[in-house]
Amino acid sequence: MEINKYQNIDETQFSEKLDNGLEVIVVPKQYNKTYAAFVTKFGSAVQRFIPMESSEYITVPLGVAHFLEHKVFEMEDGTDASILLANLGADANAFTDYGQTAYITTSTANTEEVINLLLDYVQEPFFNDENVAKEQGIITQELMMYMDKPGSRIHMGILQNLFSKNPIREDIVGTVKSIKSINKEILYTCYNTFYHPSNMTLVVVGNVDAEAIINLVKDNQTKKNFAKSNDIIKEMIVEDNRVFKKTDTIKMDITMPKVCVGLKLPYRRYLPNELFLEDTKLRMLLELTFGPSTTTYQELLDLEIINTGFSYNVYLDNYCGYILIQANTFKPEEFKTYIKEKLLSFAKINIDNKEFTQMKRALLGSFIKSFNNVEFIAHGIIDYKFKNSNLFTSLDLVNNLTVNDLTPLSKYFVRKAITDFTILPKGKQ
Amino acid sequence: MINNNIKGHFFIHFFGEFNKENATKRSLLTKIMNSTTKNYPTKKLVASKLFDLYDANVFVSNSPIYKTNLTVFGLSIINPRFVDDPNLLEEAFAFFKELIYSPNFDENGFNENEFKEKKRILRDNINNIYNNKAMYAFNRLLDEMGPNEIISVSSLGTIEELDKITPQSLKDFYYQIINNEMVKIYVTGDITREHVIELFRDFKFNNLRLNLEVASNDEKHEEFREVIENQNINQSQLMMGFRTNTNALDELYIPMAIFNMMYGGMVSSDLFRVVREENSLAYSVGSSVFFDNRLLIVNAGIDAGDYEKTRDLIINELDRYKRGQVDSNLLQVAKDNLISSMMETSDDPFSNLTFIIKNSMLKNYTTDDIIELIKKVTIDDVVNASQKVELDVIYCLKGEDNGNK
């Protein structure tokens, strides 16, 4: 067992990699609550890979990682694991994103039983034709729910403009057609490949004794047989920074246009900590340009170019990245022009040193506050690990940044990397 | 407070009446006061100040409880021990005081530019409800259930009332809150009582004590009605509004909370099992209970063609409880889950304080009191609670029949 103490933030992390490859990480906190996340590196961006015990690439339908997330809960006798967890007083949840599927429990009692059950239900899948067919109806309704949300639609629309082939250009849930094409064989193939312990991490944060938890997981895993672990060979689609489509518009039953400008970040290989730092620098640049502390933000309001729902965000992982800036507005054309000009002006980055230092101070404060939150700690550990960084030491890296470190970001802000997507009101409105 | 990176949460509450006439004013006032102050007249200055205070949270918000409104001025600040900044708390308090007592007034009331900007944004916020179909359907249900009751008054406000507000009338309204509403201060954190008193020494408060209505006893017993509205959407929003005839002061308060959990308030609930798992009709389905207004609302996102079937299943499940058919295992699960969520509340000082404030107006329960009450709930209590529940209005915002089965 490895013990790491992080004095700057008053936290201690215990971890161990088990013989079967599973990594277990525990952070004790003096709360009633314990939060556990059991995570596989399998998300919606994975569509082509060589299955375990095979040598040929296969392509699986869109949305299969999310479909698996739903079906993993079902046990062989037909009961749902979330109900068994509820019987222990625990709350169960799960989510799928581009790069991971996470199974989560929150409990204030019976912690050992809850963690055993979490491991067992995820590691004992049962798929048959009947329960797969039933799930298709539920997931189709989930997709319909997103289809009626302007926020989801604009997100999908801009991603379809940004990327030409990357599977993330489709909803994480898949499409009506791809959902219908998923069957139990496909689910087992994906499961057997990506749910091997060597591709998974268990993080437990909360009211626990670290050593007891690690021993419990060891006991649980020793009783199970897994195939010998192999490196998983997957073909991740990566793209340069040229957008697939420059602009697009759809209509929905809404009252005010919604518009988004997107910028595509090119694929590149990152050294440890580099990805985290690049992401942080881009966030700082956006905050210092569009945030509430800026004259740009006030100008957008004064010109009535933004109304409600103004937001800006950065996404960056090992395979792809983008920046999105969006708003609800009655002046969609003016918004697009203004934001694009602003992004292109970053060809020369000019940030005030005093504002940069102030921003670092705010980041420090928000980082310290976040450690009150067990969810933040658990998912922070995982996300930073996926990005080849360490959550607990990341702030020191931010502290060492200077305003000049933002200058090299200018290379991203070129015209061919920029696109826009608009939703206009239709019908009587 | 153990193991917390927050130095403290400081809340000043103003309690006043919530009604159709003042809801929009409250909504606009909150927006404008969060934006700028007299000595920090631009958003840039306010945001810079908050950055300097290590991303401190200094805010004003408002929320209604039945016919009572809570205006909350809040300050949350990180523990200075992490950043070696001994004056942080005092500096944060100086800004907190500024936010409450120095609004951005000019000669004719609130600063005109700020006023116009916030009025425009609030108008857009109100209009935007139409674009969130679940929220739109929920609001429409409440309109249909009680057009003349407080339940149909939105705390966001209305366009009609918004048009009437001027910079001067909003300024007058600000003084009405400061001078005529009941004040209470709540603090939680790593701080002594003496230090808190010192920090608040030069804040000026009135000493009013008011009797306010915080729990509905409104009666309504009519045959239920169905209201169908059509829009060009993919998924239909089914909303079913029930009257629980039970508020947080009643004997059946906790049994009703347990009934809601069992009926549609958790993943192992009956509605989740029957509507989603057994019949594959919905992804999202559930029930929520609102004690202040004695309501229970069931919602489901469904295909238009499944409307009657889903509605009937939801009604049948309630009838089963009324006939006394209650699963004792599910009862235990509901109790364990509710107890667990009470324990989670007490983990987080902010949630815990919010809980205490709300309960101070009711029966002054602690989380431990509630846990004891939960443990005592019997099957008979749950049946009694379910028998108080009456269907009032079914509202369905219908989309297309996609045949996506």
# chains A, B, ... in the order shown; residues from 1 in each chain; ligands from 1
call {"tool": "select_by_dssp", "arguments": {"residues": "region 110-219 of chain A", "states": "strand (DSSP E)", "output": "list in words"}}
result
Met200, Thr201, Leu202, Val203, Val204, Val205 and Gly206 of chain A
call {"tool": "write_last_selection", "arguments": {"atoms": "N, CA and C atoms", "output": "short mmCIF file (atom, residue, chain, number, x, y, z; two decimals), in the first residue's frame"}}
result
data_model
loop_
_atom_site.label_atom_id
_atom_site.label_comp_id
_atom_site.auth_asym_id
_atom_site.auth_seq_id
_atom_site.Cartn_x
_atom_site.Cartn_y
_atom_site.Cartn_z
N MET A 200 -9.48 -0.89 -15.01
CA MET A 200 -10.43 -0.24 -14.11
C MET A 200 -9.77 0.32 -12.85
N THR A 201 -10.45 1.28 -12.24
CA THR A 201 -9.97 1.89 -11.00
C THR A 201 -11.14 2.00 -10.03
N LEU A 202 -10.89 1.71 -8.76
CA LEU A 202 -11.89 1.93 -7.72
C LEU A 202 -11.39 3.04 -6.81
N VAL A 203 -12.20 4.10 -6.66
CA VAL A 203 -11.83 5.19 -5.75
C VAL A 203 -12.88 5.26 -4.65
N VAL A 204 -12.44 5.30 -3.41
CA VAL A 204 -13.37 5.40 -2.28
C VAL A 204 -12.96 6.62 -1.45
N VAL A 205 -13.92 7.54 -1.23
CA VAL A 205 -13.63 8.75 -0.46
C VAL A 205 -14.69 8.88 0.62
N GLY A 206 -14.28 9.04 1.87
CA GLY A 206 -15.28 9.26 2.91
C GLY A 206 -14.94 8.58 4.21
#
call {"tool": "residues_around", "arguments": {"residues": "region 87-90 of chain A", "least_positions_apart": "5", "cutoff": "9 Å", "atoms": "only C-alpha atoms", "output": "list in words"}}
result
Ser82, Thr105, Thr106, Ser107, Thr108, Ala109, Asn110, Thr111, Glu113 and Val114 of chain A; Ser268, Asn329, Leu330, Gln332, Val333, Ala334, Lys335, Asp336, Asn337, Leu338, Ile339 and Ser340 of chain B
call {"tool": "closest_atom_pairs", "arguments": {"of": "chain B", "to": "chain A", "cutoff": "8 Å", "atoms": "only C-alpha atoms", "output": "tab-separated table"}}
result
residue	atom	partner	partner_atom	distance
B:Ile2	CA	A:Gln30	CA	7.2
B:Asn3	CA	A:Gln30	CA	6.5
B:Asn4	CA	A:Asn372	CA	6.2
B:Asn5	CA	A:Lys369	CA	5.9
B:Ile6	CA	A:Lys369	CA	6.4
B:Lys43	CA	A:Ser293	CA	6.1
B:Lys44	CA	A:Ser293	CA	3.9
B:Leu45	CA	A:Ser293	CA	6.9
B:Val46	CA	A:Ser293	CA	7.5
B:Ala47	CA	A:Ser293	CA	4.9
B:Ser48	CA	A:Ser293	CA	6.1
B:Leu50	CA	A:Ala362	CA	7.7
B:Phe51	CA	A:Ala362	CA	4.6
B:Asp52	CA	A:Gln358	CA	6.0
B:Leu53	CA	A:Ala362	CA	7.4
B:Tyr54	CA	A:Gly365	CA	4.3
B:Asp55	CA	A:Ala362	CA	4.6
B:Ala56	CA	A:Gly365	CA	7.5
B:Ile78	CA	A:Lys369	CA	6.4
B:Phe82	CA	A:Asn8	CA	7.2
B:Glu117	CA	A:Leu301	CA	7.4
B:Arg120	CA	A:Asn307	CA	7.8
B:Ile121	CA	A:Asn307	CA	5.8
B:Asp124	CA	A:Thr308	CA	6.6
B:Asn125	CA	A:Thr308	CA	6.6
B:Asn127	CA	A:Thr255	CA	7.2
B:Asn128	CA	A:Thr255	CA	6.9
B:Tyr130	CA	A:Ile254	CA	6.8
B:Asn131	CA	A:Ile254	CA	5.1
B:Asn132	CA	A:Lys149	CA	6.7
B:Lys133	CA	A:Asp148	CA	7.4
B:Gln231	CA	A:Asp253	CA	7.6
B:Asn232	CA	A:Asp253	CA	6.2
B:Ile233	CA	A:Asp148	CA	6.1
B:Asn234	CA	A:Met144	CA	5.7
B:Gln235	CA	A:Met144	CA	5.6
B:Val267	CA	A:Ile83	CA	6.9
B:Ser268	CA	A:Ile83	CA	5.2
B:Arg276	CA	A:Ile138	CA	6.9
B:Glu277	CA	A:Lys134	CA	7.9
B:Ser280	CA	A:Ile138	CA	5.4
B:Leu281	CA	A:Ile138	CA	6.7
B:Ala282	CA	A:Ile138	CA	5.7
B:Tyr283	CA	A:Ile138	CA	5.0
B:Ser284	CA	A:Glu142	CA	7.4
B:Gly301	CA	A:Met145	CA	7.1
B:Ile302	CA	A:Gln141	CA	6.7
B:Asp303	CA	A:Gln141	CA	7.5
B:Gln332	CA	A:Asn87	CA	7.8
B:Val333	CA	A:Asn87	CA	5.1
B:Asp336	CA	A:Gly89	CA	4.7
B:Asn337	CA	A:Gly89	CA	4.9
B:Ser340	CA	A:Thr108	CA	5.6
B:Met343	CA	A:Asn32	CA	6.3
B:Glu344	CA	A:Lys33	CA	5.9
B:Asp347	CA	A:Tyr31	CA	5.6
B:Asn404	CA	A:Gly137	CA	7.0
B:Lys405	CA	A:Gly137	CA	5.5
call {"tool": "write_last_selection", "arguments": {"atoms": "C-alpha atoms", "output": "mmCIF file, in the first residue's frame"}}
result
data_model
loop_
_atom_site.group_PDB
_atom_site.id
_atom_site.type_symbol
_atom_site.label_atom_id
_atom_site.label_comp_id
_atom_site.auth_asym_id
_atom_site.auth_seq_id
_atom_site.Cartn_x
_atom_site.Cartn_y
_atom_site.Cartn_z
ATOM 1 C CA ILE B 2 -14.507 19.165 11.621
ATOM 2 C CA ASN B 3 -12.291 18.779 8.604
ATOM 3 C CA ASN B 4 -13.660 21.679 6.647
ATOM 4 C CA ASN B 5 -11.839 23.986 4.305
ATOM 5 C CA ILE B 6 -14.453 26.718 4.684
ATOM 6 C CA LYS B 43 -19.253 43.994 -12.595
ATOM 7 C CA LYS B 44 -15.540 44.107 -13.254
ATOM 8 C CA LEU B 45 -14.892 45.677 -9.855
ATOM 9 C CA VAL B 46 -17.160 43.230 -8.064
ATOM 10 C CA ALA B 47 -15.606 40.207 -9.785
ATOM 11 C CA SER B 48 -12.069 41.451 -9.062
ATOM 12 C CA LEU B 50 -14.274 38.339 -5.195
ATOM 13 C CA PHE B 51 -11.113 37.015 -6.893
ATOM 14 C CA ASP B 52 -9.034 38.909 -4.308
ATOM 15 C CA LEU B 53 -11.052 37.211 -1.582
ATOM 16 C CA TYR B 54 -9.988 33.807 -2.935
ATOM 17 C CA ASP B 55 -13.197 33.193 -4.861
ATOM 18 C CA ALA B 56 -15.393 34.101 -1.907
ATOM 19 C CA ILE B 78 -12.202 29.664 2.694
ATOM 20 C CA PHE B 82 -4.541 27.538 3.890
ATOM 21 C CA GLU B 117 -29.844 45.521 -18.242
ATOM 22 C CA ARG B 120 -33.979 42.851 -19.986
ATOM 23 C CA ILE B 121 -32.255 39.707 -18.713
ATOM 24 C CA ASP B 124 -35.551 36.794 -21.169
ATOM 25 C CA ASN B 125 -35.330 34.404 -18.214
ATOM 26 C CA ASN B 127 -39.661 33.930 -21.589
ATOM 27 C CA ASN B 128 -37.097 31.146 -21.591
ATOM 28 C CA TYR B 130 -41.052 27.953 -22.629
ATOM 29 C CA ASN B 131 -37.811 26.448 -23.947
ATOM 30 C CA ASN B 132 -37.343 24.072 -21.024
ATOM 31 C CA LYS B 133 -40.224 21.702 -21.693
ATOM 32 C CA GLN B 231 -46.288 21.254 -29.147
ATOM 33 C CA ASN B 232 -43.859 20.289 -31.832
ATOM 34 C CA ILE B 233 -41.578 18.194 -29.591
ATOM 35 C CA ASN B 234 -40.160 14.656 -29.552
ATOM 36 C CA GLN B 235 -41.123 13.612 -26.051
ATOM 37 C CA VAL B 267 -34.961 4.088 -7.988
ATOM 38 C CA SER B 268 -36.530 1.170 -6.173
ATOM 39 C CA ARG B 276 -39.711 2.269 -16.481
ATOM 40 C CA GLU B 277 -38.449 -1.221 -15.733
ATOM 41 C CA SER B 280 -40.260 0.386 -20.710
ATOM 42 C CA LEU B 281 -42.421 3.528 -21.112
ATOM 43 C CA ALA B 282 -40.034 6.189 -19.838
ATOM 44 C CA TYR B 283 -36.437 6.981 -19.040
ATOM 45 C CA SER B 284 -37.322 9.615 -16.479
ATOM 46 C CA GLY B 301 -41.190 11.755 -20.141
ATOM 47 C CA ILE B 302 -43.050 9.460 -22.542
ATOM 48 C CA ASP B 303 -44.078 8.818 -26.117
ATOM 49 C CA GLN B 332 -37.557 -0.343 5.169
ATOM 50 C CA VAL B 333 -35.631 0.673 2.053
ATOM 51 C CA ASP B 336 -32.930 3.701 5.222
ATOM 52 C CA ASN B 337 -32.620 5.979 2.214
ATOM 53 C CA SER B 340 -29.041 8.303 4.815
ATOM 54 C CA MET B 343 -27.018 12.090 7.534
ATOM 55 C CA GLU B 344 -25.560 13.480 4.317
ATOM 56 C CA ASP B 347 -22.129 16.361 6.681
ATOM 57 C CA ASN B 404 -40.298 4.378 -30.772
ATOM 58 C CA LYS B 405 -41.214 1.194 -28.994
#
call {"tool": "residues_around", "arguments": {"residues": "region 357-369 of chain B", "least_positions_apart": "3", "cutoff": "12 Å", "atoms": "only C-alpha atoms", "output": "MDAnalysis selection string"}}
result
chainID B and resid 11:15 63:66 68:70 72 184:188 210:216 247:251 253:254 291:292 338:347 350:354 372:376
call {"tool": "write_last_selection", "arguments": {"atoms": "C-alpha atoms", "output": "tab-separated table (two decimals), in the first residue's frame"}}
result
chain	number	residue	atom	x	y	z
B	11	PHE	CA	-26.33	34.12	6.41
B	12	ILE	CA	-28.59	37.10	7.09
B	13	HIS	CA	-32.24	36.28	6.42
B	14	PHE	CA	-35.03	38.77	5.88
B	15	PHE	CA	-38.47	37.18	6.27
B	63	SER	CA	-36.96	31.75	-2.11
B	64	PRO	CA	-40.59	31.40	-1.08
B	65	ILE	CA	-41.98	29.04	1.51
B	66	TYR	CA	-45.74	29.07	1.01
B	68	THR	CA	-43.46	33.70	3.21
B	69	ASN	CA	-40.38	34.90	1.38
B	70	LEU	CA	-36.80	34.44	2.51
B	72	VAL	CA	-30.86	35.63	2.06
B	184	LYS	CA	-32.36	36.46	11.60
B	185	ILE	CA	-28.65	35.72	11.43
B	186	TYR	CA	-27.28	32.21	11.08
B	187	VAL	CA	-23.62	31.28	11.18
B	188	THR	CA	-21.78	27.99	10.99
B	210	LEU	CA	-43.60	38.90	12.53
B	211	ASN	CA	-46.10	36.07	12.28
B	212	LEU	CA	-45.78	34.61	8.83
B	213	GLU	CA	-47.63	31.86	7.00
B	214	VAL	CA	-45.22	29.04	6.20
B	215	ALA	CA	-47.53	26.05	5.84
B	216	SER	CA	-50.54	25.68	3.63
B	247	ASN	CA	-47.97	19.98	5.64
B	248	ALA	CA	-44.77	19.83	7.68
B	249	LEU	CA	-46.64	20.60	10.92
B	250	ASP	CA	-49.01	17.65	10.55
B	251	GLU	CA	-48.78	14.24	12.23
B	253	TYR	CA	-45.49	14.75	7.76
B	254	ILE	CA	-42.83	12.04	7.91
B	291	PHE	CA	-44.96	20.18	1.95
B	292	ASP	CA	-45.19	23.99	1.98
B	338	LEU	CA	-34.28	8.93	3.91
B	339	ILE	CA	-32.11	8.44	7.01
B	340	SER	CA	-29.04	8.30	4.82
B	341	SER	CA	-29.94	11.54	3.09
B	342	MET	CA	-30.50	13.23	6.49
B	343	MET	CA	-27.02	12.09	7.53
B	344	GLU	CA	-25.56	13.48	4.32
B	345	THR	CA	-27.28	16.79	5.07
B	346	SER	CA	-25.51	16.98	8.40
B	347	ASP	CA	-22.13	16.36	6.68
B	350	PHE	CA	-24.23	24.72	4.18
B	351	SER	CA	-26.98	22.10	3.71
B	352	ASN	CA	-27.26	21.61	7.43
B	353	LEU	CA	-27.71	25.31	8.07
B	354	THR	CA	-30.32	25.53	5.33
B	372	GLU	CA	-36.05	9.15	15.06
B	373	LEU	CA	-39.42	9.98	13.47
B	374	ILE	CA	-38.49	8.09	10.31
B	375	LYS	CA	-37.64	4.98	12.32
B	376	LYS	CA	-41.12	4.98	13.91
call {"tool": "residues_around", "arguments": {"residues": "Phe386 (chain A)", "least_positions_apart": "5", "cutoff": "9 Å", "atoms": "only C-alpha atoms", "output": "PyMOL selection string"}}
result
chain A and resi 41+99+317-318+381
call {"tool": "atom_distance", "arguments": {"atom1": "CA of Asn404 (chain A)", "atom2": "CA of Phe290 (chain A)"}}
result
19.1 Å
call {"tool": "select_by_dssp", "arguments": {"residues": "region 54-251 of chain B", "states": "helix (DSSP H, G or I)", "output": "VMD selection string"}}
result
chain B and resid 80 to 82 88 to 101 112 to 131 133 to 145 150 to 152 159 to 164 167 to 180 193 to 199
call {"tool": "write_last_selection", "arguments": {"atoms": "C-alpha atoms", "output": "PDB file, in the first residue's frame"}}
result
ATOM      1  CA  PRO B  80      -7.410  31.547   5.941  1.00  0.00           C
ATOM      2  CA  ARG B  81      -5.070  28.927   7.417  1.00  0.00           C
ATOM      3  CA  PHE B  82      -4.541  27.538   3.890  1.00  0.00           C
ATOM      4  CA  LEU B  88      -9.244  37.796   4.861  1.00  0.00           C
ATOM      5  CA  LEU B  89     -12.338  37.462   7.043  1.00  0.00           C
ATOM      6  CA  GLU B  90     -12.489  41.152   7.964  1.00  0.00           C
ATOM      7  CA  GLU B  91     -12.032  42.185   4.335  1.00  0.00           C
ATOM      8  CA  ALA B  92     -14.743  39.794   3.238  1.00  0.00           C
ATOM      9  CA  PHE B  93     -17.089  41.190   5.884  1.00  0.00           C
ATOM     10  CA  ALA B  94     -16.481  44.741   4.720  1.00  0.00           C
ATOM     11  CA  PHE B  95     -17.603  43.694   1.241  1.00  0.00           C
ATOM     12  CA  PHE B  96     -20.537  41.700   2.639  1.00  0.00           C
ATOM     13  CA  LYS B  97     -21.729  44.855   4.397  1.00  0.00           C
ATOM     14  CA  GLU B  98     -21.331  46.819   1.179  1.00  0.00           C
ATOM     15  CA  LEU B  99     -23.533  44.342  -0.690  1.00  0.00           C
ATOM     16  CA  ILE B 100     -26.355  44.641   1.829  1.00  0.00           C
ATOM     17  CA  TYR B 101     -26.324  48.336   2.731  1.00  0.00           C
ATOM     18  CA  GLU B 112     -30.420  53.237 -14.673  1.00  0.00           C
ATOM     19  CA  ASN B 113     -28.035  51.230 -16.853  1.00  0.00           C
ATOM     20  CA  GLU B 114     -27.886  48.358 -14.407  1.00  0.00           C
ATOM     21  CA  PHE B 115     -31.642  48.501 -13.973  1.00  0.00           C
ATOM     22  CA  LYS B 116     -32.342  48.307 -17.701  1.00  0.00           C
ATOM     23  CA  GLU B 117     -29.844  45.521 -18.242  1.00  0.00           C
ATOM     24  CA  LYS B 118     -31.204  43.377 -15.421  1.00  0.00           C
ATOM     25  CA  LYS B 119     -34.790  44.028 -16.457  1.00  0.00           C
ATOM     26  CA  ARG B 120     -33.979  42.851 -19.986  1.00  0.00           C
ATOM     27  CA  ILE B 121     -32.255  39.707 -18.713  1.00  0.00           C
ATOM     28  CA  LEU B 122     -35.085  38.871 -16.315  1.00  0.00           C
ATOM     29  CA  ARG B 123     -37.591  39.293 -19.138  1.00  0.00           C
ATOM     30  CA  ASP B 124     -35.551  36.794 -21.169  1.00  0.00           C
ATOM     31  CA  ASN B 125     -35.330  34.404 -18.214  1.00  0.00           C
ATOM     32  CA  ILE B 126     -39.112  34.463 -17.858  1.00  0.00           C
ATOM     33  CA  ASN B 127     -39.661  33.930 -21.589  1.00  0.00           C
ATOM     34  CA  ASN B 128     -37.097  31.146 -21.591  1.00  0.00           C
ATOM     35  CA  ILE B 129     -39.235  28.873 -19.427  1.00  0.00           C
ATOM     36  CA  TYR B 130     -41.052  27.953 -22.629  1.00  0.00           C
ATOM     37  CA  ASN B 131     -37.811  26.448 -23.947  1.00  0.00           C
ATOM     38  CA  LYS B 133     -40.224  21.702 -21.693  1.00  0.00           C
ATOM     39  CA  ALA B 134     -40.168  19.908 -18.335  1.00  0.00           C
ATOM     40  CA  MET B 135     -40.188  23.190 -16.428  1.00  0.00           C
ATOM     41  CA  TYR B 136     -42.800  24.668 -18.733  1.00  0.00           C
ATOM     42  CA  ALA B 137     -45.074  21.667 -18.184  1.00  0.00           C
ATOM     43  CA  PHE B 138     -44.540  21.856 -14.421  1.00  0.00           C
ATOM     44  CA  ASN B 139     -45.488  25.547 -14.353  1.00  0.00           C
ATOM     45  CA  ARG B 140     -48.512  24.942 -16.567  1.00  0.00           C
ATOM     46  CA  LEU B 141     -49.676  22.183 -14.224  1.00  0.00           C
ATOM     47  CA  LEU B 142     -49.519  24.565 -11.250  1.00  0.00           C
ATOM     48  CA  ASP B 143     -51.450  27.220 -13.233  1.00  0.00           C
ATOM     49  CA  GLU B 144     -54.169  24.696 -13.928  1.00  0.00           C
ATOM     50  CA  MET B 145     -54.269  23.412 -10.351  1.00  0.00           C
ATOM     51  CA  ILE B 150     -49.924  30.908  -4.215  1.00  0.00           C
ATOM     52  CA  ILE B 151     -48.711  27.719  -5.971  1.00  0.00           C
ATOM     53  CA  SER B 152     -49.150  29.374  -9.364  1.00  0.00           C
ATOM     54  CA  ILE B 159     -43.728  40.049 -17.673  1.00  0.00           C
ATOM     55  CA  GLU B 160     -46.860  42.032 -16.652  1.00  0.00           C
ATOM     56  CA  GLU B 161     -45.454  42.878 -13.224  1.00  0.00           C
ATOM     57  CA  LEU B 162     -41.951  43.458 -14.597  1.00  0.00           C
ATOM     58  CA  ASP B 163     -43.218  46.160 -16.937  1.00  0.00           C
ATOM     59  CA  LYS B 164     -44.565  48.122 -13.957  1.00  0.00           C
ATOM     60  CA  PRO B 167     -35.764  52.234 -10.615  1.00  0.00           C
ATOM     61  CA  GLN B 168     -37.504  54.258  -7.898  1.00  0.00           C
ATOM     62  CA  SER B 169     -40.187  51.689  -7.027  1.00  0.00           C
ATOM     63  CA  LEU B 170     -37.488  49.027  -6.730  1.00  0.00           C
ATOM     64  CA  LYS B 171     -35.476  51.281  -4.423  1.00  0.00           C
ATOM     65  CA  ASP B 172     -38.585  51.779  -2.254  1.00  0.00           C
ATOM     66  CA  PHE B 173     -39.049  48.040  -2.187  1.00  0.00           C
ATOM     67  CA  TYR B 174     -35.443  47.529  -1.048  1.00  0.00           C
ATOM     68  CA  TYR B 175     -36.070  49.801   1.948  1.00  0.00           C
ATOM     69  CA  GLN B 176     -39.288  47.987   2.692  1.00  0.00           C
ATOM     70  CA  ILE B 177     -37.304  44.758   3.076  1.00  0.00           C
ATOM     71  CA  ILE B 178     -34.495  46.299   5.122  1.00  0.00           C
ATOM     72  CA  ASN B 179     -36.835  48.234   7.431  1.00  0.00           C
ATOM     73  CA  ASN B 180     -39.966  46.118   7.665  1.00  0.00           C
ATOM     74  CA  ARG B 193     -19.608  33.338  19.102  1.00  0.00           C
ATOM     75  CA  GLU B 194     -17.719  36.421  20.341  1.00  0.00           C
ATOM     76  CA  HIS B 195     -15.923  36.788  17.050  1.00  0.00           C
ATOM     77  CA  VAL B 196     -19.212  36.549  15.134  1.00  0.00           C
ATOM     78  CA  ILE B 197     -20.793  39.248  17.316  1.00  0.00           C
ATOM     79  CA  GLU B 198     -17.743  41.434  16.748  1.00  0.00           C
ATOM     80  CA  LEU B 199     -17.971  40.968  12.971  1.00  0.00           C
TER      81      LEU B 199
END
call {"tool": "atom_distance", "arguments": {"atom1": "CA of Gly16 (chain B)", "atom2": "CA of Glu181 (chain B)"}}
result
5.2 Å
call {"tool": "residues_around", "arguments": {"residues": "Leu296 (chain B)", "least_positions_apart": "3", "cutoff": "6 Å", "atoms": "only C-alpha atoms", "output": "list in words"}}
result
Phe242, Ser288 and Val289 of chain B
call {"tool": "write_last_selection", "arguments": {"atoms": "C-alpha atoms", "output": "PDB file, in the first residue's frame"}}
result
ATOM      1  CA  PHE B 242     -51.999  15.609  -6.412  1.00  0.00           C
ATOM      2  CA  SER B 288     -41.792  14.777  -5.587  1.00  0.00           C
ATOM      3  CA  VAL B 289     -43.546  16.057  -2.508  1.00  0.00           C
TER       4      VAL B 289
END
call {"tool": "closest_residue", "arguments": {"among": "A:Thr40, A:Ser410, A:Asn241, A:Asn4", "to": "Ser164 (chain A)", "atoms": "only C-alpha atoms"}}
result
A:Asn241
call {"tool": "residues_around", "arguments": {"residues": "Val173 (chain A)", "least_positions_apart": "3", "cutoff": "12 Å", "atoms": "only C-alpha atoms", "output": "PyMOL selection string"}}
result
chain A and resi 43-45+61-70+95-98+136+138-147+152+156+167-170+176-180+182
call {"tool": "closest_residue", "arguments": {"among": "B:Tyr395, B:Lys20, B:Phe200, B:Asp312", "to": "Asn230 (chain B)", "atoms": "only C-alpha atoms"}}
result
B:Tyr395
call {"tool": "atom_distance", "arguments": {"atom1": "CA of Glu56 (chain A)", "atom2": "CA of Pro125 (chain A)"}}
result
24.0 Å
call {"tool": "residues_around", "arguments": {"residues": "Asn192 (chain A)", "least_positions_apart": "5", "cutoff": "9 Å", "atoms": "only C-alpha atoms", "output": "ChimeraX atom specification"}}
result
/A:51-52,187
call {"tool": "write_last_selection", "arguments": {"atoms": "N, CA and C atoms", "output": "compact mmCIF listing (two decimals), in the first residue's frame"}}
result
# COMPACT_ATOMS: atom_id res chain seq x y z
N PRO A 51 -10.98 -7.12 -29.85
CA PRO A 51 -11.55 -7.72 -28.65
C PRO A 51 -10.56 -8.66 -27.97
N MET A 52 -10.76 -8.85 -26.68
CA MET A 52 -9.91 -9.78 -25.95
C MET A 52 -9.99 -11.16 -26.60
N LEU A 187 -22.57 -6.54 -26.57
CA LEU A 187 -22.36 -6.10 -25.18
C LEU A 187 -21.30 -6.96 -24.50
